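One structure is given here, and the rest of the page talks about it.
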Amino acid sequence: MSGQNRKDIYPGLEVDIILKKDQRSGKLTRGIVKDLLTSSTFHSRGIKVRLEDGQVGRVAEIVDEL
């Protein structure tokens with residue numbers, strides 16, 4: 001599932017994100033969502049989140065749904 005809709009993303013969810021420094025390469029970073037940083041309900045490039053380890057990026061894909 002893509003990470004473009006805010007309603008699909010919540011704290012504790014496992015996701016793959018693209019960090020700002022990895023936008024050109026498309027390298028994904030896996031982690032657990034701590035905070036949602038995008039306030040709009042939809043974002044074409046992915047909802048911006050902060051992971052539990054402090055990294056910030058846009059959700060490329062949702063890995064684990066509870």
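Chain lettering (A, B, ...) mirrors the order of the structure tokens, residue numbering begins at 1 for each chain separately, and ligand numbering begins at 1 in order of display.
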
Checklist entry - Do you know which residues are at most 12 Å from Val33 (chain A) counting only C-alpha atoms, after dropping those on the same chain fewer than 2 positions away, and could you put them as number ranges by chain? => result A: 3, 8-17, 29-31, 35-37, 47-59, 62-65

Next on the checklist: If DSSP is run on the backbone, what residues of chain A are strand (DSSP E or B)? A reply as a VMD selection string would be ideal.
Outcome noted: chain A and resid 5 14 to 19 29 to 36 42 48 to 51 56 to 64

Could the residues in this selection be written to a file with C-alpha atoms, as an mmCIF file, in the first residue's frame?
```
data_model
loop_
_atom_site.group_PDB
_atom_site.id
_atom_site.type_symbol
_atom_site.label_atom_id
_atom_site.label_comp_id
_atom_site.auth_asym_id
_atom_site.auth_seq_id
_atom_site.Cartn_x
_atom_site.Cartn_y
_atom_site.Cartn_z
ATOM 1 C CA ASN A 5 -3.206 8.970 2.351
ATOM 2 C CA GLU A 14 6.018 -0.251 10.091
ATOM 3 C CA VAL A 15 6.798 1.644 6.877
ATOM 4 C CA ASP A 16 9.461 2.192 4.232
ATOM 5 C CA ILE A 17 10.381 5.859 3.808
ATOM 6 C CA ILE A 18 12.558 7.832 1.417
ATOM 7 C CA LEU A 19 14.901 10.201 3.237
ATOM 8 C CA THR A 29 14.672 3.117 4.959
ATOM 9 C CA ARG A 30 12.467 0.868 7.112
ATOM 10 C CA GLY A 31 11.188 1.908 10.512
ATOM 11 C CA ILE A 32 8.289 2.433 12.888
ATOM 12 C CA VAL A 33 6.233 5.653 12.680
ATOM 13 C CA LYS A 34 6.503 7.917 15.724
ATOM 14 C CA ASP A 35 4.885 11.159 14.433
ATOM 15 C CA LEU A 36 2.987 12.281 11.336
ATOM 16 C CA PHE A 42 -3.252 13.429 0.866
ATOM 17 C CA LYS A 48 6.030 12.937 5.789
ATOM 18 C CA VAL A 49 6.703 11.096 9.055
ATOM 19 C CA ARG A 50 9.278 10.885 11.847
ATOM 20 C CA LEU A 51 10.419 7.376 12.706
ATOM 21 C CA VAL A 56 12.346 12.014 8.802
ATOM 22 C CA GLY A 57 11.105 11.138 5.327
ATOM 23 C CA ARG A 58 8.114 10.503 3.103
ATOM 24 C CA VAL A 59 6.288 7.177 3.265
ATOM 25 C CA ALA A 60 6.930 5.176 0.096
ATOM 26 C CA GLU A 61 5.196 2.002 1.231
ATOM 27 C CA ILE A 62 3.332 0.618 4.212
ATOM 28 C CA VAL A 63 4.970 -2.658 5.292
ATOM 29 C CA ASP A 64 2.886 -3.877 8.218
#
```
